[in-house]
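A.B. asks: mmCIF, C-alpha atoms, file data_34.cif:
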```cif
data_query
loop_
_atom_site.label_atom_id
_atom_site.label_comp_id
_atom_site.auth_asym_id
_atom_site.auth_seq_id
_atom_site.Cartn_x
_atom_site.Cartn_y
_atom_site.Cartn_z
CA MET A 29 20.02 -18.19 -36.98
CA SER A 30 21.15 -21.41 -38.59
CA THR A 31 23.97 -21.88 -36.05
CA LYS A 32 21.47 -21.71 -33.24
CA SER A 33 19.23 -24.37 -34.61
CA ASN A 34 22.36 -26.43 -35.17
CA LEU A 35 23.18 -26.24 -31.49
CA ALA A 36 19.72 -27.32 -30.51
CA GLU A 37 19.80 -30.11 -33.04
CA LEU A 38 23.16 -31.25 -31.76
CA VAL A 39 22.06 -31.34 -28.12
CA LYS A 40 18.91 -33.19 -29.06
CA ARG A 41 20.81 -35.82 -31.02
CA HIS A 42 23.39 -36.43 -28.33
CA GLU A 43 21.17 -35.92 -25.26
CA SER A 44 21.84 -39.30 -23.70
CA ASP A 45 25.61 -39.03 -24.30
CA ILE A 46 25.73 -35.56 -22.77
CA LEU A 47 23.76 -36.76 -19.77
CA LYS A 48 26.11 -39.70 -19.25
CA ASP A 49 29.23 -37.51 -19.48
CA TRP A 50 27.69 -34.81 -17.34
CA VAL A 51 26.69 -37.16 -14.50
CA LYS A 52 30.13 -38.76 -14.66
CA GLU A 53 31.68 -35.31 -14.47
CA GLN A 54 29.61 -34.38 -11.45
CA LEU A 55 30.30 -37.61 -9.65
CA ALA A 56 34.04 -37.20 -10.15
CA ALA A 57 34.07 -33.55 -9.10
CA VAL A 58 35.38 -32.53 -5.70
CA SER A 59 32.13 -30.75 -5.02
CA MET A 60 30.16 -33.99 -5.23
CA ARG A 61 28.53 -34.53 -1.89
CA ALA A 62 27.75 -38.21 -1.65
CA ASP A 63 26.84 -37.66 1.99
CA LEU A 64 24.00 -35.31 1.07
CA MET A 65 22.69 -36.75 -2.15
CA SER A 66 22.51 -40.17 -3.79
CA GLU A 67 23.71 -40.94 -7.30
CA THR A 68 20.22 -41.80 -8.53
CA GLU A 69 18.87 -38.49 -7.27
CA LEU A 70 21.63 -36.64 -9.07
CA ARG A 71 20.95 -38.62 -12.24
CA ASP A 72 17.23 -37.81 -12.04
CA GLN A 73 17.85 -34.11 -11.50
CA SER A 74 20.39 -33.92 -14.30
CA GLY A 75 18.16 -35.82 -16.71
CA GLU A 76 15.16 -33.68 -15.95
CA PHE A 77 17.11 -30.48 -16.35
CA LEU A 78 18.77 -31.54 -19.57
CA LYS A 79 15.46 -32.48 -21.12
CA SER A 80 13.92 -29.08 -20.46
CA PHE A 81 17.17 -27.36 -21.44
CA GLN A 82 17.11 -29.15 -24.76
CA LYS A 83 13.44 -28.23 -25.32
CA ALA A 84 14.17 -24.59 -24.55
CA LEU A 85 17.08 -24.65 -27.01
CA GLN A 86 14.70 -25.83 -29.71
CA THR A 87 12.75 -22.58 -29.47
CA GLY A 88 15.85 -20.71 -30.58
CA GLU A 89 15.40 -18.19 -27.78
CA LEU A 90 19.01 -17.95 -26.60
CA ALA A 91 19.28 -14.29 -25.66
CA SER A 92 17.53 -14.27 -22.33
CA ILE A 93 16.55 -16.97 -19.86
CA ALA A 94 13.74 -14.72 -18.63
CA ALA A 95 11.84 -15.53 -21.84
CA PRO A 96 8.70 -17.68 -21.53
CA ALA A 97 10.46 -20.46 -23.46
CA TRP A 98 12.72 -20.99 -20.46
CA GLU A 99 9.99 -21.00 -17.88
CA ASN A 100 9.97 -24.76 -17.43
CA THR A 101 13.76 -24.84 -17.08
CA ARG A 102 13.65 -22.05 -14.53
CA ILE A 103 11.06 -23.91 -12.46
CA ILE A 104 13.19 -27.08 -12.48
CA LEU A 105 16.29 -25.10 -11.49
CA GLU A 106 14.38 -23.40 -8.71
CA GLY A 107 13.30 -26.77 -7.38
CA ILE A 108 16.87 -28.06 -7.47
CA SER A 109 18.23 -24.94 -5.75
CA ILE A 110 15.58 -25.09 -3.04
CA SER A 111 16.17 -28.75 -2.29
CA ARG A 112 19.95 -28.22 -2.23
CA ALA A 113 19.70 -25.19 0.03
CA ARG A 114 17.67 -27.26 2.49
CA GLN A 115 20.09 -30.19 2.24
CA GLY A 116 22.99 -27.94 3.22
CA PHE A 117 24.92 -27.49 -0.02
CA THR A 118 27.09 -24.40 -0.41
CA PRO A 119 26.18 -21.86 -3.11
CA SER A 120 29.21 -22.77 -5.22
CA GLU A 121 28.37 -26.46 -5.04
CA THR A 122 24.89 -25.65 -6.25
CA ALA A 123 26.15 -23.44 -9.08
CA THR A 124 28.66 -26.12 -10.09
CA PHE A 125 25.68 -28.27 -11.03
CA ILE A 126 25.12 -25.99 -14.02
CA PHE A 127 28.74 -25.07 -14.73
CA SER A 128 29.80 -28.70 -14.93
CA LEU A 129 27.52 -29.07 -17.95
CA LYS A 130 30.04 -27.00 -19.91
CA GLN A 131 32.59 -29.79 -20.12
CA PRO A 132 30.46 -32.36 -21.96
CA LEU A 133 28.87 -29.70 -24.18
CA PHE A 134 32.22 -28.21 -25.13
CA THR A 135 33.68 -31.63 -25.88
CA LEU A 136 30.74 -32.36 -28.14
CA LEU A 137 31.02 -29.04 -29.94
CA ARG A 138 34.75 -29.44 -30.42
CA LYS A 139 34.24 -32.83 -31.99
CA GLU A 140 31.47 -31.54 -34.25
CA TYR A 141 33.11 -28.36 -35.52
CA GLU A 142 36.72 -29.52 -35.61
CA LYS A 143 37.14 -28.21 -39.13
CA ASP A 144 35.36 -24.94 -38.61
CA PRO A 145 37.00 -22.93 -35.77
CA LYS A 146 34.92 -19.81 -36.47
CA VAL A 147 31.61 -21.57 -35.93
CA LEU A 148 33.07 -23.41 -32.96
CA ALA A 149 34.04 -20.13 -31.28
CA ALA A 150 30.61 -18.63 -31.92
CA GLU A 151 28.82 -21.70 -30.57
CA LEU A 152 31.05 -21.85 -27.51
CA TRP A 153 30.32 -18.23 -26.78
CA THR A 154 26.56 -18.71 -27.05
CA ILE A 155 26.53 -21.72 -24.78
CA THR A 156 28.86 -20.10 -22.23
CA LEU A 157 26.65 -17.05 -21.93
CA LEU A 158 23.59 -19.22 -21.53
CA LEU A 159 25.05 -21.51 -18.91
CA ASP A 160 26.50 -18.59 -16.95
CA LYS A 161 23.06 -17.04 -16.77
CA LEU A 162 21.53 -20.29 -15.61
CA GLY A 163 24.30 -20.74 -13.04
CA LEU A 164 23.74 -17.29 -11.63
CA TYR A 165 20.04 -17.99 -11.53
CA THR A 166 20.61 -21.04 -9.33
CA THR A 167 22.72 -18.92 -6.97
CA GLU A 168 19.99 -16.35 -6.79
CA CYS A 169 17.34 -18.95 -5.99
CA PHE A 170 19.67 -20.56 -3.50
CA LEU A 171 20.19 -17.30 -1.63
CA LYS A 172 16.49 -16.54 -1.66
CA VAL A 173 15.73 -19.86 0.01
CA ARG A 174 18.52 -19.35 2.53
CA GLU A 175 17.13 -15.93 3.41
CA GLU A 176 13.71 -17.44 3.89
CA ILE A 177 15.19 -20.03 6.24
CA ILE A 178 16.99 -17.33 8.23
CA LYS A 179 13.82 -15.26 8.46
CA ARG A 180 11.79 -18.21 9.67
CA GLN A 181 14.39 -19.03 12.29
CA GLN A 182 14.34 -15.42 13.45
CA ASP A 183 10.59 -15.60 13.89
CA GLU A 184 10.90 -18.85 15.80
CA LEU A 185 13.56 -17.35 18.04
CA LEU A 186 11.27 -14.45 18.73
CA GLU A 187 8.52 -16.82 19.82
CA LEU A 188 10.85 -18.99 21.85
CA SER A 189 12.54 -16.17 23.67
CA THR A 190 9.40 -14.84 25.32
CA PRO A 191 7.82 -17.50 27.49
CA VAL A 192 5.05 -16.49 29.84
CA VAL A 193 5.09 -18.76 32.89
CA LYS A 194 2.43 -19.27 35.49
CA LEU A 195 3.98 -18.88 38.94
CA TRP A 196 0.90 -19.43 41.02
CA ASP A 197 -2.83 -19.22 40.80
CA GLN A 198 -3.51 -15.75 39.27
CA ILE A 199 0.21 -14.86 39.15
CA LEU A 200 2.14 -14.80 35.85
CA ALA A 201 5.83 -14.18 35.29
CA LEU A 202 7.59 -13.01 32.16
CA PRO A 203 11.35 -13.46 32.37
CA LEU A 204 12.86 -11.22 29.71
CA ILE A 205 16.26 -12.26 28.40
CA GLY A 206 18.31 -10.39 25.81
CA THR A 207 18.02 -7.03 24.18
CA LEU A 208 14.54 -5.63 23.77
CA ASP A 209 13.64 -3.94 20.51
CA SER A 210 10.31 -2.72 19.23
CA ALA A 211 9.47 -5.93 17.35
CA ARG A 212 10.27 -8.13 20.33
CA THR A 213 8.44 -5.94 22.79
CA GLN A 214 5.37 -6.13 20.59
CA VAL A 215 5.47 -9.94 20.71
CA VAL A 216 6.14 -9.88 24.45
CA MET A 217 3.25 -7.52 25.06
CA GLU A 218 0.82 -9.53 22.98
CA SER A 219 1.73 -12.89 24.49
CA LEU A 220 1.60 -11.51 28.04
CA LEU A 221 -1.81 -9.92 27.53
CA GLN A 222 -3.17 -13.06 25.91
CA GLU A 223 -1.94 -15.17 28.81
CA ILE A 224 -3.51 -12.77 31.28
CA VAL A 225 -6.86 -13.27 29.60
CA ARG A 226 -6.43 -17.03 29.29
CA THR A 227 -5.44 -17.63 32.90
CA SER A 228 -7.42 -14.65 34.26
CA SER A 229 -4.40 -13.63 36.30
CA MET A 230 -4.44 -10.60 38.54
CA VAL A 231 -0.70 -10.02 38.79
CA ALA A 232 2.02 -10.21 36.14
CA ILE A 233 5.68 -9.98 37.07
CA ILE A 234 8.02 -8.71 34.35
CA ASP A 235 11.54 -9.75 35.28
CA ILE A 236 14.27 -7.79 33.50
CA THR A 237 17.28 -9.44 35.16
CA GLY A 238 18.34 -10.82 31.77
CA VAL A 239 18.06 -7.53 29.91
CA PRO A 240 21.60 -6.16 29.46
CA ALA A 241 20.69 -2.52 28.94
CA VAL A 242 17.59 -0.42 29.31
CA ASP A 243 17.37 2.77 27.29
CA THR A 244 14.50 5.21 26.94
CA MET A 245 12.95 3.14 24.16
CA VAL A 246 12.94 -0.03 26.21
CA ALA A 247 11.61 1.83 29.24
CA GLN A 248 8.85 3.30 27.10
CA HIS A 249 7.94 -0.18 25.87
CA LEU A 250 7.82 -1.50 29.43
CA ILE A 251 5.60 1.35 30.55
CA LYS A 252 3.26 0.70 27.64
CA THR A 253 3.04 -2.99 28.47
CA VAL A 254 2.23 -2.21 32.08
CA ALA A 255 -0.41 0.33 31.04
CA ALA A 256 -2.04 -2.15 28.66
CA ALA A 257 -2.14 -4.83 31.34
CA ARG A 258 -3.71 -2.37 33.74
CA LEU A 259 -6.41 -1.53 31.21
CA MET A 260 -7.32 -5.19 31.18
CA GLY A 261 -7.51 -5.32 34.93
CA ALA A 262 -4.18 -6.88 35.88
CA ASP A 263 -1.39 -5.38 37.98
CA CYS A 264 2.20 -5.47 36.80
CA ILE A 265 5.35 -5.63 38.86
CA ILE A 266 8.76 -5.02 37.31
CA SER A 267 11.49 -6.98 39.02
CA GLY A 268 15.20 -7.59 38.56
CA VAL A 269 16.14 -3.92 38.34
CA ARG A 270 19.92 -3.84 38.69
CA PRO A 271 21.69 -0.87 40.31
CA GLN A 272 23.18 0.30 37.01
CA ILE A 273 19.77 0.17 35.36
CA ALA A 274 18.23 2.18 38.18
CA GLN A 275 20.99 4.77 37.78
CA THR A 276 20.60 4.96 34.00
CA MET A 277 16.84 5.29 34.31
CA VAL A 278 17.07 8.23 36.68
CA HIS A 279 19.79 9.91 34.60
CA LEU A 280 17.63 9.50 31.50
CA GLY A 281 14.74 11.08 33.34
CA VAL A 282 12.48 8.04 33.01
CA SER A 283 10.50 7.45 36.11
CA PHE A 284 8.43 4.37 36.78
CA THR A 285 5.97 6.18 39.00
CA ASP A 286 2.73 4.25 39.56
CA ILE A 287 4.53 1.03 38.64
CA ALA A 288 5.72 -1.31 41.37
CA THR A 289 9.42 -2.07 40.88
CA LYS A 290 11.42 -4.56 42.89
CA ALA A 291 15.10 -5.41 42.96
CA THR A 292 14.67 -9.16 42.95
CA LEU A 293 12.14 -11.64 41.69
CA ALA A 294 11.68 -12.92 45.25
CA ASP A 295 10.50 -9.50 46.42
CA ALA A 296 8.15 -9.31 43.46
CA ILE A 297 6.67 -12.71 44.29
CA ARG A 298 6.17 -11.60 47.89
CA LEU A 299 4.27 -8.52 46.71
CA ALA A 300 2.25 -10.60 44.26
CA PHE A 301 1.27 -12.97 47.06
CA ALA A 302 0.22 -10.02 49.20
CA LYS A 303 -1.89 -8.63 46.36
CA THR A 304 -3.66 -11.91 45.69
CA GLY A 305 -4.08 -12.73 49.36
CA PHE A 306 -1.74 -15.71 49.59
CA SER A 307 0.74 -16.18 52.37
CA VAL A 308 3.72 -18.48 52.60
CA VAL A 309 4.20 -20.22 55.93
CA ARG A 310 7.14 -22.38 56.93
CA ARG A 311 5.92 -25.63 58.40
CA GLU A 312 7.07 -26.59 61.88
CA LYS A 313 9.31 -29.64 61.79
CA THR A 314 7.50 -32.59 63.26
CA ALA A 315 9.39 -35.14 65.37
CA MET B 4 -32.86 4.23 17.53
CA GLU B 5 -30.19 1.87 18.73
CA LYS B 6 -29.50 1.90 22.43
CA ILE B 7 -27.21 0.06 24.79
CA PRO B 8 -29.24 -1.46 27.64
CA ILE B 9 -28.39 -0.45 31.20
CA LEU B 10 -29.27 -3.07 33.80
CA LYS B 11 -29.73 -2.42 37.47
CA MET B 12 -28.24 -4.91 39.88
CA GLY B 13 -28.87 -3.82 43.43
CA ARG B 14 -26.93 -0.64 43.95
CA PHE B 15 -24.89 -1.09 40.80
CA LEU B 16 -25.54 -0.51 37.13
CA LEU B 17 -24.42 -3.05 34.57
CA VAL B 18 -23.66 -2.09 30.97
CA THR B 19 -22.65 -4.71 28.44
CA ILE B 20 -21.47 -3.39 25.11
CA GLN B 21 -22.09 -6.07 22.53
CA VAL B 22 -22.22 -4.08 19.33
CA ASP B 23 -19.63 -1.99 17.55
CA MET B 24 -19.57 1.37 19.23
CA HIS B 25 -20.03 4.32 16.97
CA ASP B 26 -19.78 7.90 18.11
CA ARG B 27 -23.52 8.60 18.36
CA LEU B 28 -24.11 5.42 20.34
CA ALA B 29 -21.31 6.32 22.76
CA MET B 30 -22.76 9.79 23.32
CA THR B 31 -26.22 8.30 23.96
CA LEU B 32 -24.74 5.83 26.43
CA GLN B 33 -22.99 8.63 28.28
CA GLU B 34 -26.25 10.58 28.63
CA ASP B 35 -28.38 7.57 29.56
CA LEU B 36 -25.87 6.34 32.10
CA THR B 37 -25.52 9.63 33.96
CA ASP B 38 -29.34 9.93 34.05
CA ARG B 39 -29.69 6.41 35.42
CA ILE B 40 -27.01 6.89 38.09
CA VAL B 41 -28.96 9.81 39.51
CA LYS B 42 -32.35 8.19 39.08
CA ASP B 43 -31.40 4.85 40.65
CA ASN B 44 -28.98 6.37 43.15
CA ALA B 45 -26.36 3.89 41.95
CA ARG B 46 -23.06 3.51 43.76
CA GLY B 47 -21.14 1.73 41.07
CA VAL B 48 -21.08 1.24 37.29
CA LEU B 49 -19.76 -1.87 35.60
CA ILE B 50 -18.99 -1.58 31.89
CA ASP B 51 -18.32 -4.89 30.19
CA ILE B 52 -16.40 -4.40 26.94
CA SER B 53 -15.22 -7.96 26.47
CA SER B 54 -16.92 -8.28 23.08
CA LEU B 55 -15.70 -4.91 21.89
CA GLU B 56 -12.99 -5.44 19.31
CA ILE B 57 -12.43 -1.99 17.89
CA VAL B 58 -11.82 1.11 19.95
CA ASP B 59 -10.88 4.45 18.47
CA SER B 60 -9.66 7.55 20.25
CA PHE B 61 -13.17 8.94 20.58
CA ILE B 62 -14.64 5.86 22.25
CA GLY B 63 -11.57 5.70 24.49
CA ARG B 64 -12.11 9.27 25.55
CA ILE B 65 -15.84 8.64 26.17
CA LEU B 66 -14.98 5.72 28.45
CA GLY B 67 -12.68 8.02 30.40
CA SER B 68 -15.26 10.77 30.68
CA ILE B 69 -18.03 8.35 31.70
CA ALA B 70 -15.79 7.30 34.58
CA SER B 71 -15.11 10.90 35.61
CA MET B 72 -18.81 11.83 35.42
CA SER B 73 -19.80 8.79 37.46
CA ARG B 74 -17.28 9.69 40.12
CA MET B 75 -18.80 13.17 40.35
CA LEU B 76 -22.14 11.47 40.91
CA ASP B 77 -20.54 9.27 43.59
CA ALA B 78 -20.46 6.05 41.61
CA GLU B 79 -17.26 4.16 40.84
CA THR B 80 -16.71 2.82 37.34
CA VAL B 81 -15.08 -0.50 36.60
CA VAL B 82 -14.21 -1.38 33.00
CA VAL B 83 -14.28 -5.13 32.52
CA GLY B 84 -12.67 -7.55 30.10
CA MET B 85 -10.76 -5.35 27.70
CA GLN B 86 -9.30 -7.41 24.86
CA PRO B 87 -5.48 -7.48 24.53
CA ALA B 88 -5.60 -5.88 21.08
CA VAL B 89 -7.87 -3.12 22.38
CA ALA B 90 -5.58 -2.52 25.36
CA ILE B 91 -2.56 -2.19 23.07
CA THR B 92 -4.44 0.23 20.80
CA MET B 93 -5.54 2.35 23.75
CA VAL B 94 -1.97 2.59 25.06
CA GLU B 95 -0.65 3.46 21.60
CA LEU B 96 -3.29 6.20 21.38
CA GLY B 97 -2.05 7.54 24.69
CA LEU B 98 -5.28 6.75 26.52
CA SER B 99 -4.34 4.96 29.70
CA LEU B 100 -7.70 5.70 31.38
CA ALA B 101 -6.08 7.04 34.53
CA GLY B 102 -8.53 6.91 37.40
CA VAL B 103 -10.68 4.21 35.84
CA ARG B 104 -10.71 0.89 37.62
CA THR B 105 -10.29 -2.20 35.49
CA ALA B 106 -11.01 -5.88 36.04
CA LEU B 107 -10.47 -9.08 34.11
CA ASN B 108 -14.01 -10.39 34.49
CA VAL B 109 -17.38 -9.46 35.88
CA GLU B 110 -16.83 -11.54 39.02
CA LYS B 111 -13.70 -9.62 39.96
CA ALA B 112 -15.36 -6.33 39.05
CA MET B 113 -18.26 -7.06 41.42
CA GLU B 114 -15.74 -7.80 44.17
CA ILE B 115 -14.09 -4.43 43.57
CA LEU B 116 -17.45 -2.64 43.59
CA HIS B 117 -18.53 -4.39 46.78
CA SER B 118 -15.31 -3.47 48.52
CA LEU B 119 -15.62 0.16 47.37
CA ALA B 120 -19.22 0.57 48.42
CA PRO B 121 -19.90 -1.87 51.25
CA ALA B 122 -23.51 -2.86 51.82
CA GLY B 123 -25.28 -1.15 54.67
CA GLU B 124 -23.27 2.04 54.22
CA GLU B 125 -26.44 4.07 53.89
CA ALA B 126 -27.87 2.67 57.09
CA THR B 127 -25.17 4.28 59.22
CA ILE B 128 -27.17 7.48 59.47
CA HIS B 129 -29.63 6.84 62.27
CA ASP B 130 -32.67 8.80 62.84
CA THR B 131 -32.25 10.05 66.39
CA GLN B 132 -35.49 11.96 66.46
CA THR B 133 -37.67 9.07 67.49
#
```
Please, can you express the file's structure as structure tokens?

C.D. replies:
Amino acid sequence: MSTKSNLAELVKRHESDILKDWVKEQLAAVSMRADLMSETELRDQSGEFLKSFQKALQTGELASIAAPAWENTRIILEGISISRARQGFTPSETATFIFSLKQPLFTLLRKEYEKDPKVLAAELWTITLLLDKLGLYTTECFLKVREEIIKRQQDELLELSTPVVKLWDQILALPLIGTLDSARTQVVMESLLQEIVRTSSMVAIIDITGVPAVDTMVAQHLIKTVAAARLMGADCIISGVRPQIAQTMVHLGVSFTDIATKATLADAIRLAFAKTGFSVVRREKTA
Amino acid sequence: MEKIPILKMGRFLLVTIQVDMHDRLAMTLQEDLTDRIVKDNARGVLIDISSLEIVDSFIGRILGSIASMSRMLDAETVVVGMQPAVAITMVELGLSLAGVRTALNVEKAMEILHSLAPAGEEATIHDTQT
């Protein structure tokens, strides 16, 4: 127990020296990213971390960083990991933040226990274990943030990839591009139905030219979307059915009976005009 | 007891559902509506469900059977203003209301009804006795 308190005492006494060495170490390291982070910011982060690290050491709780004594340190580390993940650091660069603290601490310990190798070894072991745990913790936080970013981007992509466009008064078009899965179809269905209500459109054209493959699942989703639109009082036309898709559909035994299907978007627009009572007339050239 | 009002508009009946439908209420509506169709000699029924936010399989089925019953009594049913969420639920439940006409709003529904049962239809039978 006495060795532990010694360590804490030592860090407390030499806090400013350790900080100076540590920041110097980080600035000199290859992983220092001056393009992403300024020296003052690094100094602030290091100082803040070291202060809470030192306080946590004082409690003598060195076995586990999950203990309440380390809560403040964990929160600071989390903050650092999150900000670094957003700034574009790599996981190893982020973990190096903690691991580079070893150098100044080890130097200090070596100087202090020069005459007592046994104590030195024990102290080194304790501090290594502790810093490794903290380093791994930063990596964990880092990955969590990255995953969150990926998830958010996925959601945004989902929103972006399903635009509902107004072609004409009372005519909507939904150009589908890319593979359709259940999650995407759900978003497509909801946004189409909402647009139908908002614009009070009578006809919606679902264009599947950009859909690479249509299997039974996708076909089922399309049929459901059309049925839901019909329940609300709008007609659906499916356009952009390619020959291969038509063949696959028939081989799979899926039939789009009761649903108007057209080979091209132009044909679908013509039908939509007919349904809504519009007609397109080419103007005679004057003069 | 709670009841859903049925309004008469010319040759058509107008039903606006503005409360949460529970099973008893739906059954009452079905009975009242069929009675009124016969009594008023209605040619069309317009059911506005635009403020209905929850539909279960039973209510969905009742809507379907009201339409079938009305057709037997020679009145077309138009369901108006189904919410997107309700439409999705109905499709997921496998209730696509085949044979029921649908419209986005009351205006369009009236157009459909007028085109299905043109005015003056009854006057085509002339009394040749006089």

A.B. asks: Could the residues of chain A within 6 Å of chain B, counting all atoms listed in the file, be given as number ranges by chain, please?

C.D. replies: A: 221, 256, 259-261

A.B. asks: Could you spell out the hits of the PyMOL selection byres ((chain A and resi 107) around 12) on the shown file, as a PyMOL selection string?

C.D. replies: chain A and resi 73+76-77+100-106+108-114+122+165-166+169-170+173

A.B. asks: In terms of the shortest atom-to-atom distance over all atoms listed in the file, which of A:Ile273, A:Leu195, A:Leu137, A:Ala95 is closest to His42 of chain A?

C.D. replies: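 Among the listed residues, the smallest separation from His42 of chain A belongs to A:Leu137.
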
A.B. asks: Just want the 7 Å neighbourhood of segment 283-294 of chain A, counted on all atoms listed in the file, with same-chain residues fewer than 3 positions away dropped. Output as an MDAnalysis selection string.

C.D. replies: chainID A and resid 235 265:270 277:278 297:298

A.B. asks: At what distance in Å, to one decimal, does atom CA of Leu16 of chain B lie from atom CA of Ile65 of chain B?

C.D. replies: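 Atom CA of Ile65 of chain B sits 17.3 Å away from atom CA of Leu16 of chain B.
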
A.B. asks: Need to verify the contact set: Leu10 of chain B, 12 Å, only C-alpha atoms, exclusion of same-chain residues closer than 2 positions in sequence. Can you return it as a list in words?

C.D. replies: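 Non-adjacent residues within range: Ile7, Pro8, Met12, Gly13, Arg14, Phe15, Leu16, Leu17, Val18, Thr19, Ile20, Asp35, Leu36, Arg39, Ile40, Asp43, Ala45, Gly47, Val48, Leu49, Ile50 and Asp51 of chain B.
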
A.B. asks: Please report the interatomic distance between atom CA of Val216 of chain A and atom CA of Pro203 of chain A in Å with one decimal.

C.D. replies: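 These two atoms are separated by 10.1 Å.
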
A.B. asks: Can you work out the spacing between atom CA of Leu116 of chain B and atom CA of Thr80 of chain B in Å, to one decimal?

C.D. replies: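 Distance reported for this atom pair: 8.3 Å.
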
A.B. asks: So which residues fall inside 10 Å of (25.8, -22.2, -13.6) if we count only C-alpha atoms? Mind giving them as an MDAnalysis selection string?

C.D. replies: chainID A and resid 120:130 156:167

A.B. asks: Mind writing the picked residues with C-alpha atoms as an mmCIF file, in the coordinates of the input?

C.D. replies:
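Okay, this is what ended up in result13.cif:
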```cif
data_model
loop_
_atom_site.group_PDB
_atom_site.id
_atom_site.type_symbol
_atom_site.label_atom_id
_atom_site.label_comp_id
_atom_site.auth_asym_id
_atom_site.auth_seq_id
_atom_site.Cartn_x
_atom_site.Cartn_y
_atom_site.Cartn_z
ATOM 1 C CA SER A 120 29.210 -22.770 -5.220
ATOM 2 C CA GLU A 121 28.370 -26.460 -5.040
ATOM 3 C CA THR A 122 24.890 -25.650 -6.250
ATOM 4 C CA ALA A 123 26.150 -23.440 -9.080
ATOM 5 C CA THR A 124 28.660 -26.120 -10.090
ATOM 6 C CA PHE A 125 25.680 -28.270 -11.030
ATOM 7 C CA ILE A 126 25.120 -25.990 -14.020
ATOM 8 C CA PHE A 127 28.740 -25.070 -14.730
ATOM 9 C CA SER A 128 29.800 -28.700 -14.930
ATOM 10 C CA LEU A 129 27.520 -29.070 -17.950
ATOM 11 C CA LYS A 130 30.040 -27.000 -19.910
ATOM 12 C CA THR A 156 28.860 -20.100 -22.230
ATOM 13 C CA LEU A 157 26.650 -17.050 -21.930
ATOM 14 C CA LEU A 158 23.590 -19.220 -21.530
ATOM 15 C CA LEU A 159 25.050 -21.510 -18.910
ATOM 16 C CA ASP A 160 26.500 -18.590 -16.950
ATOM 17 C CA LYS A 161 23.060 -17.040 -16.770
ATOM 18 C CA LEU A 162 21.530 -20.290 -15.610
ATOM 19 C CA GLY A 163 24.300 -20.740 -13.040
ATOM 20 C CA LEU A 164 23.740 -17.290 -11.630
ATOM 21 C CA TYR A 165 20.040 -17.990 -11.530
ATOM 22 C CA THR A 166 20.610 -21.040 -9.330
ATOM 23 C CA THR A 167 22.720 -18.920 -6.970
#
```

A.B. asks: Compile the contact shell of Thr213 of chain A as a PyMOL selection string: residues with an atom at most 12 Å away, counting only C-alpha atoms, same-chain residues fewer than 4 positions apart removed.

C.D. replies: (chain A and resi 186-187+189-190+202+204-209+217-221+234+245-254) or (chain B and resi 91)

A.B. asks: Assuming the chain letters and numbering stay as they are in my file, what does the PyMOL selection byres ((chain A and resi 55-71) around 8) actually select? List them as a short mmCIF file (atom, residue, chain, number, x, y, z; two decimals) with C-alpha atoms, in the coordinates of the input.

C.D. replies:
```cif
data_model
loop_
_atom_site.label_atom_id
_atom_site.label_comp_id
_atom_site.auth_asym_id
_atom_site.auth_seq_id
_atom_site.Cartn_x
_atom_site.Cartn_y
_atom_site.Cartn_z
CA VAL A 51 26.69 -37.16 -14.50
CA LYS A 52 30.13 -38.76 -14.66
CA GLU A 53 31.68 -35.31 -14.47
CA GLN A 54 29.61 -34.38 -11.45
CA ASP A 72 17.23 -37.81 -12.04
CA GLN A 73 17.85 -34.11 -11.50
CA SER A 74 20.39 -33.92 -14.30
CA GLY A 75 18.16 -35.82 -16.71
CA GLN A 115 20.09 -30.19 2.24
CA GLY A 116 22.99 -27.94 3.22
CA PHE A 117 24.92 -27.49 -0.02
CA GLU A 121 28.37 -26.46 -5.04
CA THR A 124 28.66 -26.12 -10.09
#
```

A.B. asks: Restricting the calculation to all atoms listed in the file: of A:Ala36, A:Pro132, A:His279, A:Asp49, which residue gets closest to Gly88 of chain A?

C.D. replies: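 Selected residue with least distance to Gly88 of chain A: A:Ala36.
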